[in-house]
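A.B. asks: One file: work_5.cif (mmCIF, C-alpha atoms).
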data_protein
loop_
_atom_site.label_atom_id
_atom_site.label_comp_id
_atom_site.auth_asym_id
_atom_site.auth_seq_id
_atom_site.Cartn_x
_atom_site.Cartn_y
_atom_site.Cartn_z
CA MET R 1 12.97 -41.65 76.71
CA GLY R 2 9.35 -40.79 75.92
CA ASP R 3 7.81 -37.99 73.92
CA CYS R 4 7.10 -34.47 75.04
CA GLU R 5 3.42 -34.01 75.81
CA SER R 6 3.23 -30.90 73.63
CA ALA R 7 2.74 -32.01 70.02
CA GLU R 8 2.80 -28.33 69.05
CA MET R 9 6.34 -27.91 70.38
CA ARG R 10 7.46 -31.16 68.80
CA ASP R 11 6.05 -29.95 65.47
CA ALA R 12 8.11 -26.77 65.77
CA LEU R 13 11.45 -28.55 66.24
CA PRO R 14 12.20 -29.12 62.51
CA ASP R 15 11.20 -25.50 61.79
CA LEU R 16 13.62 -24.38 64.48
CA MET R 17 16.38 -26.52 62.98
CA PHE R 18 15.85 -25.01 59.50
CA GLY R 19 15.39 -21.46 60.71
CA GLU R 20 11.86 -21.38 59.29
CA ILE R 21 10.55 -19.59 62.34
CA ASP R 22 10.19 -15.98 63.37
CA ALA R 23 12.10 -14.51 66.26
CA ALA R 24 9.22 -14.50 68.72
CA ARG R 25 8.32 -18.12 68.03
CA ARG R 26 11.99 -19.08 68.16
CA ALA R 27 12.35 -17.61 71.60
CA GLU R 28 9.22 -19.42 72.77
CA VAL R 29 10.36 -22.80 71.44
CA GLN R 30 13.88 -22.35 72.74
CA ALA R 31 12.55 -21.50 76.18
CA HIS R 32 10.53 -24.74 76.13
CA ILE R 33 13.51 -26.83 74.97
CA ASP R 34 15.61 -25.44 77.81
CA THR R 35 13.18 -27.01 80.28
CA CYS R 36 12.17 -30.16 78.36
CA PRO R 37 14.66 -33.07 78.19
CA GLU R 38 12.41 -34.98 75.76
CA CYS R 39 12.46 -32.12 73.23
CA THR R 40 16.18 -31.61 73.76
CA ALA R 41 16.80 -35.27 72.89
CA GLU R 42 14.38 -35.16 69.94
CA LEU R 43 16.07 -32.08 68.47
CA ALA R 44 19.46 -33.78 68.77
CA LEU R 45 18.08 -36.85 66.95
CA LEU R 46 16.63 -34.66 64.19
CA LYS R 47 20.08 -33.18 63.61
CA ARG R 48 21.61 -36.66 63.45
CA VAL R 49 19.02 -37.73 60.89
CA ARG R 50 19.72 -34.68 58.73
CA ALA R 51 23.47 -35.15 58.98
CA SER R 52 23.19 -38.78 57.95
CA ALA R 53 21.44 -37.93 54.71
CA ARG R 54 23.98 -38.46 51.97
CA VAL R 55 23.72 -36.69 48.68
CA PRO R 56 24.43 -38.88 45.68
CA ALA R 57 26.48 -36.98 43.13
CA VAL R 58 24.55 -35.39 40.28
CA ASP R 59 26.18 -34.28 37.05
CA VAL R 60 24.72 -30.79 36.82
CA ASN R 61 26.16 -30.07 33.36
CA ARG R 62 24.65 -33.24 31.97
CA VAL R 63 21.26 -32.32 33.40
CA VAL R 64 21.39 -28.77 32.05
CA SER R 65 22.40 -29.93 28.58
CA ALA R 66 19.36 -32.21 28.51
CA LEU R 67 16.90 -29.44 29.33
CA PRO R 68 14.48 -28.24 26.64
CA ALA R 69 14.89 -24.75 25.25
CA PRO R 70 12.55 -22.15 26.67
CA ARG R 71 9.53 -21.28 24.53
CA ARG R 72 9.95 -17.59 23.95
CA GLN R 73 6.84 -15.50 23.50
CA THR R 74 7.88 -12.95 20.85
CA SER R 75 4.39 -11.81 20.19
CA VAL R 76 1.49 -11.27 22.48
CA PHE R 77 -0.62 -13.04 19.89
CA ARG R 78 1.03 -16.39 20.58
CA SER R 79 -1.80 -16.90 23.02
CA PRO R 80 -4.66 -18.65 21.22
CA VAL R 81 -7.18 -16.75 23.32
CA LEU R 82 -5.68 -13.41 22.31
CA ARG R 83 -5.58 -14.49 18.68
CA MET R 84 -9.27 -15.30 18.76
CA ALA R 85 -10.05 -12.04 20.48
CA ALA R 86 -8.07 -10.11 17.87
CA ALA R 87 -9.83 -11.91 15.02
CA LEU R 88 -13.23 -11.18 16.55
CA ALA R 89 -12.34 -7.54 17.04
CA LEU R 90 -11.29 -7.29 13.39
CA MET R 91 -14.52 -8.87 12.24
CA ILE R 92 -16.65 -6.55 14.33
CA GLY R 93 -14.61 -3.54 13.31
CA GLY R 94 -14.78 -4.49 9.68
CA ALA R 95 -18.52 -5.07 9.78
CA THR R 96 -19.06 -1.76 11.53
CA TRP R 97 -16.89 0.07 9.00
CA TYR R 98 -18.72 -1.54 6.10
CA ALA R 99 -22.10 -0.69 7.55
CA ASN R 100 -21.05 2.92 8.15
CA ALA R 101 -19.55 3.21 4.69
CA ARG R 102 -22.71 1.87 3.11
CA ASP R 103 -24.87 4.24 5.12
CA GLU R 104 -22.75 7.20 4.09
CA ALA R 105 -22.84 6.20 0.43
CA SER R 106 -26.58 5.48 0.22
CA PRO R 107 -27.85 9.10 -0.06
CA THR R 108 -25.83 9.59 -3.25
CA THR R 109 -26.35 6.19 -4.79
CA SER R 110 -30.14 6.04 -4.76
CA PRO R 111 -32.22 8.06 -7.08
CA VAL R 112 -34.29 10.40 -5.01
CA GLN R 113 -36.64 13.02 -6.13
CA VAL R 114 -37.74 15.49 -3.64
CA ALA R 115 -40.42 17.96 -4.38
CA GLY R 116 -39.68 17.82 -8.11
CA THR R 117 -36.68 20.05 -8.11
CA SER R 118 -33.63 18.07 -7.05
CA VAL R 119 -32.07 15.36 -8.91
CA VAL R 120 -29.68 13.14 -7.16
CA THR R 121 -28.16 10.72 -9.50
CA PRO R 122 -26.27 7.75 -8.28
CA ALA R 123 -22.57 7.54 -8.69
CA PRO R 124 -21.75 4.62 -10.92
CA LEU R 125 -21.26 1.49 -8.89
CA ASP R 126 -19.15 -0.01 -11.53
CA SER R 127 -17.61 1.98 -14.35
CA ALA R 128 -17.62 -1.12 -16.51
CA LEU R 129 -21.40 -1.22 -16.67
CA PRO R 130 -22.27 0.23 -20.10
CA SER R 131 -25.77 1.29 -19.13
CA VAL R 132 -24.67 3.65 -16.45
CA THR R 133 -24.73 7.26 -17.39
CA ARG R 134 -22.09 9.24 -15.62
CA GLN R 135 -23.58 12.31 -14.11
CA PRO R 136 -22.53 14.60 -11.35
CA SER R 137 -23.18 13.04 -8.04
CA VAL R 138 -25.62 15.79 -7.04
CA THR R 139 -27.53 18.28 -9.09
CA THR R 140 -29.38 20.72 -7.01
CA VAL R 141 -31.47 23.78 -7.45
CA ALA R 142 -30.61 25.67 -4.40
CA THR R 143 -30.47 29.31 -5.37
CA ALA R 144 -34.11 30.13 -5.91
CA PRO R 145 -35.61 30.97 -2.62
CA ALA R 146 -38.98 29.98 -3.98
CA ALA R 147 -37.73 26.49 -4.94
CA LYS R 148 -39.67 23.83 -3.23
CA GLY R 149 -36.97 21.25 -3.56
CA ILE R 150 -34.56 20.15 -0.87
CA SER R 151 -30.87 19.89 -1.60
CA LEU R 152 -29.29 16.71 -0.34
CA ASP R 153 -25.87 18.05 -0.89
CA GLY R 154 -25.29 18.45 2.79
CA GLY R 155 -26.02 16.08 5.59
CA LEU R 156 -29.41 15.50 7.14
CA SER R 157 -28.40 17.60 10.11
CA ASP R 158 -28.61 20.67 7.89
CA PHE R 159 -32.33 20.23 7.30
CA SER R 160 -35.04 22.13 9.05
CA ASP R 161 -37.94 20.31 10.63
CA ALA R 162 -40.18 21.20 7.71
CA GLU R 163 -37.65 19.89 5.22
CA LEU R 164 -37.30 16.68 7.11
CA GLN R 165 -41.04 16.21 7.17
CA THR R 166 -41.18 16.75 3.41
CA LEU R 167 -38.43 14.24 2.90
CA LEU R 168 -40.12 11.69 5.10
CA ALA R 169 -43.36 12.12 3.21
CA SER R 170 -41.54 11.41 -0.03
CA LEU R 171 -40.03 8.26 1.28
CA ASP R 172 -43.41 6.61 1.40
CA SER R 173 -43.31 6.32 -2.38
CA PHE R 174 -40.09 4.36 -2.38
CA GLU R 175 -39.38 0.79 -1.55
CA SER R 176 -37.36 0.63 1.57
CA THR R 177 -35.38 -2.42 0.60
CA VAL R 178 -33.33 -3.17 -2.45
CA THR R 179 -34.99 -6.03 -4.23
CA VAL R 180 -33.34 -5.79 -7.60
CA GLU R 181 -29.87 -6.14 -9.01
CA PRO R 182 -27.57 -3.09 -8.86
CA ARG R 183 -27.89 -2.56 -12.60
CA ASP R 184 -31.63 -2.11 -12.27
CA VAL R 185 -31.27 0.26 -9.38
CA LEU R 186 -29.23 2.59 -11.51
CA GLU R 187 -31.98 3.13 -14.04
CA PRO R 188 -33.98 5.06 -14.63
CA VAL R 189 -33.08 8.49 -13.34
CA ILE R 190 -36.12 10.43 -12.35
CA GLU R 191 -36.03 14.02 -13.42
CA SER R 192 -38.46 16.73 -12.82
CA GLU R 193 -39.86 18.98 -15.49
CA GLU R 194 -38.34 22.02 -13.88
CA VAL R 195 -34.82 20.67 -14.17
CA ARG R 196 -35.26 20.01 -17.82
CA MET Z 1 23.02 -23.39 72.60
CA THR Z 2 20.94 -24.77 69.81
CA GLU Z 3 22.43 -24.31 66.38
CA PHE Z 4 20.25 -23.02 63.62
CA ILE Z 5 20.60 -23.48 59.92
CA GLU Z 6 20.91 -20.02 58.46
CA SER Z 7 18.69 -19.17 55.54
CA GLY Z 8 20.21 -17.98 52.27
CA THR Z 9 21.44 -14.48 51.63
CA ALA Z 10 20.54 -12.25 48.70
CA ALA Z 11 20.39 -14.90 45.98
CA PRO Z 12 17.88 -14.68 43.16
CA THR Z 13 14.63 -16.41 43.92
CA ASP Z 14 13.40 -19.41 42.00
CA ALA Z 15 10.81 -17.22 40.29
CA GLU Z 16 13.49 -14.79 39.16
CA LEU Z 17 15.67 -17.57 37.82
CA ILE Z 18 12.75 -19.13 36.00
CA GLU Z 19 11.93 -15.81 34.34
CA ARG Z 20 15.55 -15.34 33.31
CA TRP Z 21 15.61 -18.82 31.83
CA ARG Z 22 12.43 -18.11 29.88
CA LYS Z 23 14.24 -15.16 28.35
CA GLY Z 24 17.07 -17.39 27.27
CA ASP Z 25 19.54 -17.17 30.12
CA GLN Z 26 21.01 -20.66 30.32
CA ARG Z 27 22.94 -19.76 33.46
CA ALA Z 28 19.62 -19.43 35.23
CA ALA Z 29 18.86 -23.05 34.39
CA THR Z 30 22.23 -24.10 35.76
CA ALA Z 31 21.58 -22.18 38.96
CA LEU Z 32 18.19 -23.85 39.40
CA VAL Z 33 19.63 -27.31 38.84
CA GLU Z 34 22.52 -26.68 41.24
CA ARG Z 35 20.10 -25.38 43.84
CA HIS Z 36 17.60 -28.23 43.75
CA ALA Z 37 19.48 -31.27 42.47
CA PRO Z 38 20.88 -32.29 45.87
CA ALA Z 39 17.43 -32.36 47.45
CA LEU Z 40 16.03 -34.35 44.54
CA ALA Z 41 18.96 -36.76 44.74
CA ARG Z 42 18.43 -37.28 48.47
CA PHE Z 43 14.72 -37.81 47.95
CA ALA Z 44 15.33 -40.30 45.16
CA ALA Z 45 17.90 -42.21 47.20
CA SER Z 46 15.69 -42.33 50.27
CA SER Z 47 12.81 -43.57 48.13
CA GLY Z 48 14.80 -46.56 46.96
CA ALA Z 49 16.07 -45.37 43.57
CA ARG Z 50 19.66 -45.67 44.68
CA GLU Z 51 21.12 -46.98 41.46
CA GLU Z 52 19.28 -44.60 39.18
CA VAL Z 53 19.39 -41.38 41.13
CA ASP Z 54 21.26 -39.44 38.48
CA GLU Z 55 18.87 -40.50 35.75
CA LEU Z 56 15.81 -39.83 37.87
CA VAL Z 57 16.99 -36.37 38.82
CA GLN Z 58 17.71 -35.53 35.19
CA ASP Z 59 14.31 -36.77 34.06
CA THR Z 60 12.67 -34.70 36.77
CA PHE Z 61 14.35 -31.50 35.63
CA VAL Z 62 13.64 -32.22 31.98
CA ARG Z 63 9.95 -32.74 32.75
CA ALA Z 64 9.82 -29.68 34.95
CA PHE Z 65 11.47 -27.29 32.49
CA GLY Z 66 9.28 -28.62 29.71
CA ALA Z 67 6.19 -27.87 31.76
CA LEU Z 68 7.19 -24.55 33.30
CA ASP Z 69 4.35 -22.81 31.49
CA GLY Z 70 2.03 -24.84 33.65
CA PHE Z 71 3.79 -24.01 36.89
CA ARG Z 72 1.44 -21.57 38.58
CA GLY Z 73 3.56 -20.94 41.65
CA GLU Z 74 0.87 -22.17 44.03
CA SER Z 75 3.50 -24.34 45.70
CA SER Z 76 7.21 -23.75 45.96
CA PHE Z 77 9.33 -24.73 42.98
CA ARG Z 78 11.08 -27.41 45.03
CA THR Z 79 7.81 -28.92 46.18
CA TRP Z 80 6.70 -29.05 42.56
CA LEU Z 81 9.97 -30.79 41.63
CA PHE Z 82 9.46 -33.34 44.38
CA THR Z 83 5.97 -34.03 43.08
CA ILE Z 84 7.27 -34.63 39.58
CA GLU Z 85 10.07 -36.85 40.84
CA LYS Z 86 7.72 -38.92 42.92
CA ARG Z 87 5.46 -39.52 39.92
CA LEU Z 88 8.43 -40.59 37.86
CA LEU Z 89 9.52 -42.91 40.64
CA LEU Z 90 6.08 -44.51 40.83
CA ASP Z 91 6.08 -44.96 37.03
CA ARG Z 92 9.42 -46.72 37.23
CA ARG Z 93 8.18 -49.01 39.99
CA ARG Z 94 5.12 -49.93 37.95
CA ALA Z 95 7.36 -50.69 35.01
CA GLU Z 96 9.56 -52.84 37.22
CA ARG Z 97 6.57 -54.82 38.42
CA ARG Z 98 5.43 -55.39 34.85
CA ARG Z 99 8.86 -56.73 33.96
CA GLY Z 100 8.42 -59.60 36.37
CA PRO Z 101 8.67 -60.76 39.97
CA HIS Z 102 12.41 -61.45 39.73
CA GLU Z 103 13.03 -57.71 39.75
CA GLU Z 104 13.69 -56.44 43.24
CA LEU Z 105 11.21 -53.89 44.40
CA ARG Z 106 12.89 -50.96 46.02
CA ASP Z 107 10.00 -49.91 48.13
CA GLY Z 108 11.70 -49.53 51.48
CA THR Z 109 12.90 -52.96 52.51
CA SER Z 110 16.20 -52.76 54.23
CA ALA Z 111 19.57 -54.57 54.10
CA THR Z 112 20.94 -54.21 50.64
CA GLU Z 113 24.50 -53.76 49.47
CA TYR Z 114 23.99 -50.07 50.05
CA ASP Z 115 23.55 -50.56 53.79
CA ALA Z 116 26.55 -52.85 53.93
CA LEU Z 117 28.66 -50.17 52.35
CA ASP Z 118 27.28 -47.76 54.88
CA GLY Z 119 28.52 -49.97 57.68
CA LEU Z 120 32.05 -49.83 56.24
CA LEU Z 121 32.34 -46.20 55.42
CA ALA Z 122 29.95 -44.43 57.74
CA ASP Z 123 30.05 -43.55 61.35
CA GLU Z 124 28.15 -46.09 63.46
CA SER Z 125 25.81 -43.40 64.66
CA GLU Z 126 24.97 -42.50 61.13
CA ALA Z 127 24.47 -46.14 60.24
CA ALA Z 128 22.15 -46.61 63.19
CA VAL Z 129 19.99 -43.74 61.99
CA ARG Z 130 19.90 -45.17 58.48
CA ARG Z 131 18.84 -48.54 59.75
CA ALA Z 132 16.14 -46.90 61.83
CA ILE Z 133 14.79 -45.03 58.81
CA ASP Z 134 14.82 -48.21 56.76
CA THR Z 135 12.39 -49.79 59.21
CA LEU Z 136 9.74 -47.19 58.39
CA SER Z 137 6.94 -47.80 55.94
CA PRO Z 138 7.40 -46.09 52.54
CA THR Z 139 4.92 -43.36 53.40
CA GLN Z 140 6.34 -42.76 56.86
CA ARG Z 141 9.87 -42.60 55.48
CA GLU Z 142 8.85 -40.22 52.74
CA VAL Z 143 7.04 -37.87 55.12
CA PHE Z 144 9.75 -38.11 57.77
CA LEU Z 145 12.62 -37.34 55.42
CA LEU Z 146 10.79 -34.56 53.63
CA ARG Z 147 10.20 -32.96 57.02
CA VAL Z 148 13.53 -33.59 58.71
CA VAL Z 149 16.01 -33.59 55.81
CA GLU Z 150 14.32 -31.19 53.37
CA GLY Z 151 12.48 -28.97 55.84
CA LEU Z 152 9.15 -29.04 54.03
CA SER Z 153 6.02 -27.92 55.84
CA TYR Z 154 3.19 -30.39 56.43
CA LYS Z 155 1.22 -28.69 53.67
CA GLU Z 156 4.07 -29.09 51.19
CA ILE Z 157 4.56 -32.68 52.26
CA ALA Z 158 0.86 -33.31 51.70
CA ASP Z 159 1.17 -31.96 48.15
CA VAL Z 160 4.11 -34.22 47.38
CA ALA Z 161 2.80 -37.33 49.11
CA GLY Z 162 -0.72 -36.89 47.81
CA THR Z 163 -2.26 -36.84 51.24
CA THR Z 164 -3.67 -34.34 53.70
CA GLU Z 165 -1.83 -32.05 56.05
CA GLY Z 166 -3.29 -33.84 59.06
CA ALA Z 167 -2.31 -37.25 57.75
CA ALA Z 168 1.19 -36.00 57.04
CA ARG Z 169 1.50 -34.82 60.63
CA VAL Z 170 0.35 -38.22 61.95
CA HIS Z 171 2.79 -40.08 59.70
CA TYR Z 172 5.62 -37.85 60.88
CA HIS Z 173 5.00 -38.43 64.58
CA HIS Z 174 4.62 -42.18 64.10
CA ALA Z 175 7.89 -42.21 62.16
CA MET Z 176 9.63 -40.14 64.80
CA ARG Z 177 8.56 -42.57 67.51
CA ALA Z 178 9.75 -45.56 65.49
CA VAL Z 179 13.13 -43.97 64.76
CA LYS Z 180 13.60 -43.12 68.44
CA GLU Z 181 12.85 -46.67 69.50
CA SER Z 182 15.20 -48.07 66.87
CA VAL Z 183 18.08 -45.74 67.64
CA HIS Z 184 17.79 -45.67 71.42
CA GLY Z 185 16.62 -49.23 71.77
#
Mind turning the file's structure into structure tokens?

C.D. replies:
Amino acid sequence: MGDCESAEMRDALPDLMFGEIDAARRAEVQAHIDTCPECTAELALLKRVRASARVPAVDVNRVVSALPAPRRQTSVFRSPVLRMAAALALMIGGATWYANARDEASPTTSPVQVAGTSVVTPAPLDSALPSVTRQPSVTTVATAPAAKGISLDGGLSDFSDAELQTLLASLDSFESTVTVEPRDVLEPVIESEEVR
Amino acid sequence: MTEFIESGTAAPTDAELIERWRKGDQRAATALVERHAPALARFAASSGAREEVDELVQDTFVRAFGALDGFRGESSFRTWLFTIEKRLLLDRRRAERRRGPHEELRDGTSATEYDALDGLLADESEAAVRRAIDTLSPTQREVFLLRVVEGLSYKEIADVAGTTEGAARVHYHHAMRAVKESVHG
């Protein structure tokens, strides 16, 4: 007996046998088989082939006992990519914190004289340094309305435009970068005559 | 009326069993082995590994479970198992060839003691089908059995056999014609 001319129908026969076919397609293929002796014979042969397949015995317990243990992920950071990302985030966060902390500390650690009336003495960077004179972190003359000085006790956002301009003008007399050792930065303290 | 093979009922899927196993449920591993071992054993036997089926099936599962992290689910779990088993089978054949020409190559030649035993124990019809399948080339037999016995699609067969979907279809139809001629004469 020859082959059915429809390769498409012949391709569908194993799917029909295994039930891997939707209802509409099943009806279509079945309708074809009912009128095609070649496909009827081929489907019967397919079933014989499947029935003839013997299954050698497999010791399931022996196989299971040989299996490796599952690798449990107890922490999300078992992933090397996530570990790297976490380390990078810590580095960036730490650097940002340090930079912010240094920026916040700098107004009280640098000696600044503004308009001859305020004295801002640095907090000691290291209490072990014998040359550091402990002084209050900020000494201001803020009560006299006629005082020309600017108190740096508060933040820069408390300054008026005129005060900011005065402050900026004073900055021209200072080096913008630290070029000496911390010990040298601490001395001397510049005081105005009025404070004395 | 044509009989159909019913599909399974509400059993856990392979993906669900794999996830349970990952969480330490050993019963899930047992379920997976029970589900897929027969197909792997048939595939191994049909590929010529008749005396080492048990060992080959075990090695396949050991490899698979050790590499489950790399199983992306792009193919079915069974197809993936077949692929692993086939690689192991090819490795064994290469090792056999290196051992020397006196080792019999089980690459599809027919008439061994296995077929003789078939003639004694099996129905003649069944034996005729087996003889017909044995006349196929290794690739034709592999494609044919994966399609007819295991129900794999041409795409899945292509993944296992390392070929294309179109080539798998051609191999199947050539095999079908050869089996028909052998069985019907």

A.B. asks: For the file shown, report as a PyMOL selection string the outcome of the PyMOL selection byres ((chain R) within 10 of (chain Z)) at residue level.

C.D. replies: chain R and resi 1-3+7+10-11+13-20+30+33-34+40-73

A.B. asks: Please compute the CA of Asp14 (chain Z)-CA of Gly70 (chain Z) distance, one decimal, in Å.

C.D. replies: 15.1 Å

A.B. asks: Rounded to one decimal in Å, what is the spacing between CA of Ser76 (chain Z) and CA of Ser6 (chain R)?

C.D. replies: 28.9 Å

A.B. asks: Starting from the displayed file, determine the output of the PyMOL selection byres ((chain Z and resi 161-164) around 10) and express the residue list as a PyMOL selection string.

C.D. replies: chain Z and resi 82-83+86-87+139+142-143+146+154-160+165-170

A.B. asks: What is the distance, in Å and to one decimal place, between CA of Glu52 (chain Z) and CA of Trp80 (chain Z)?

C.D. replies: 20.3 Å
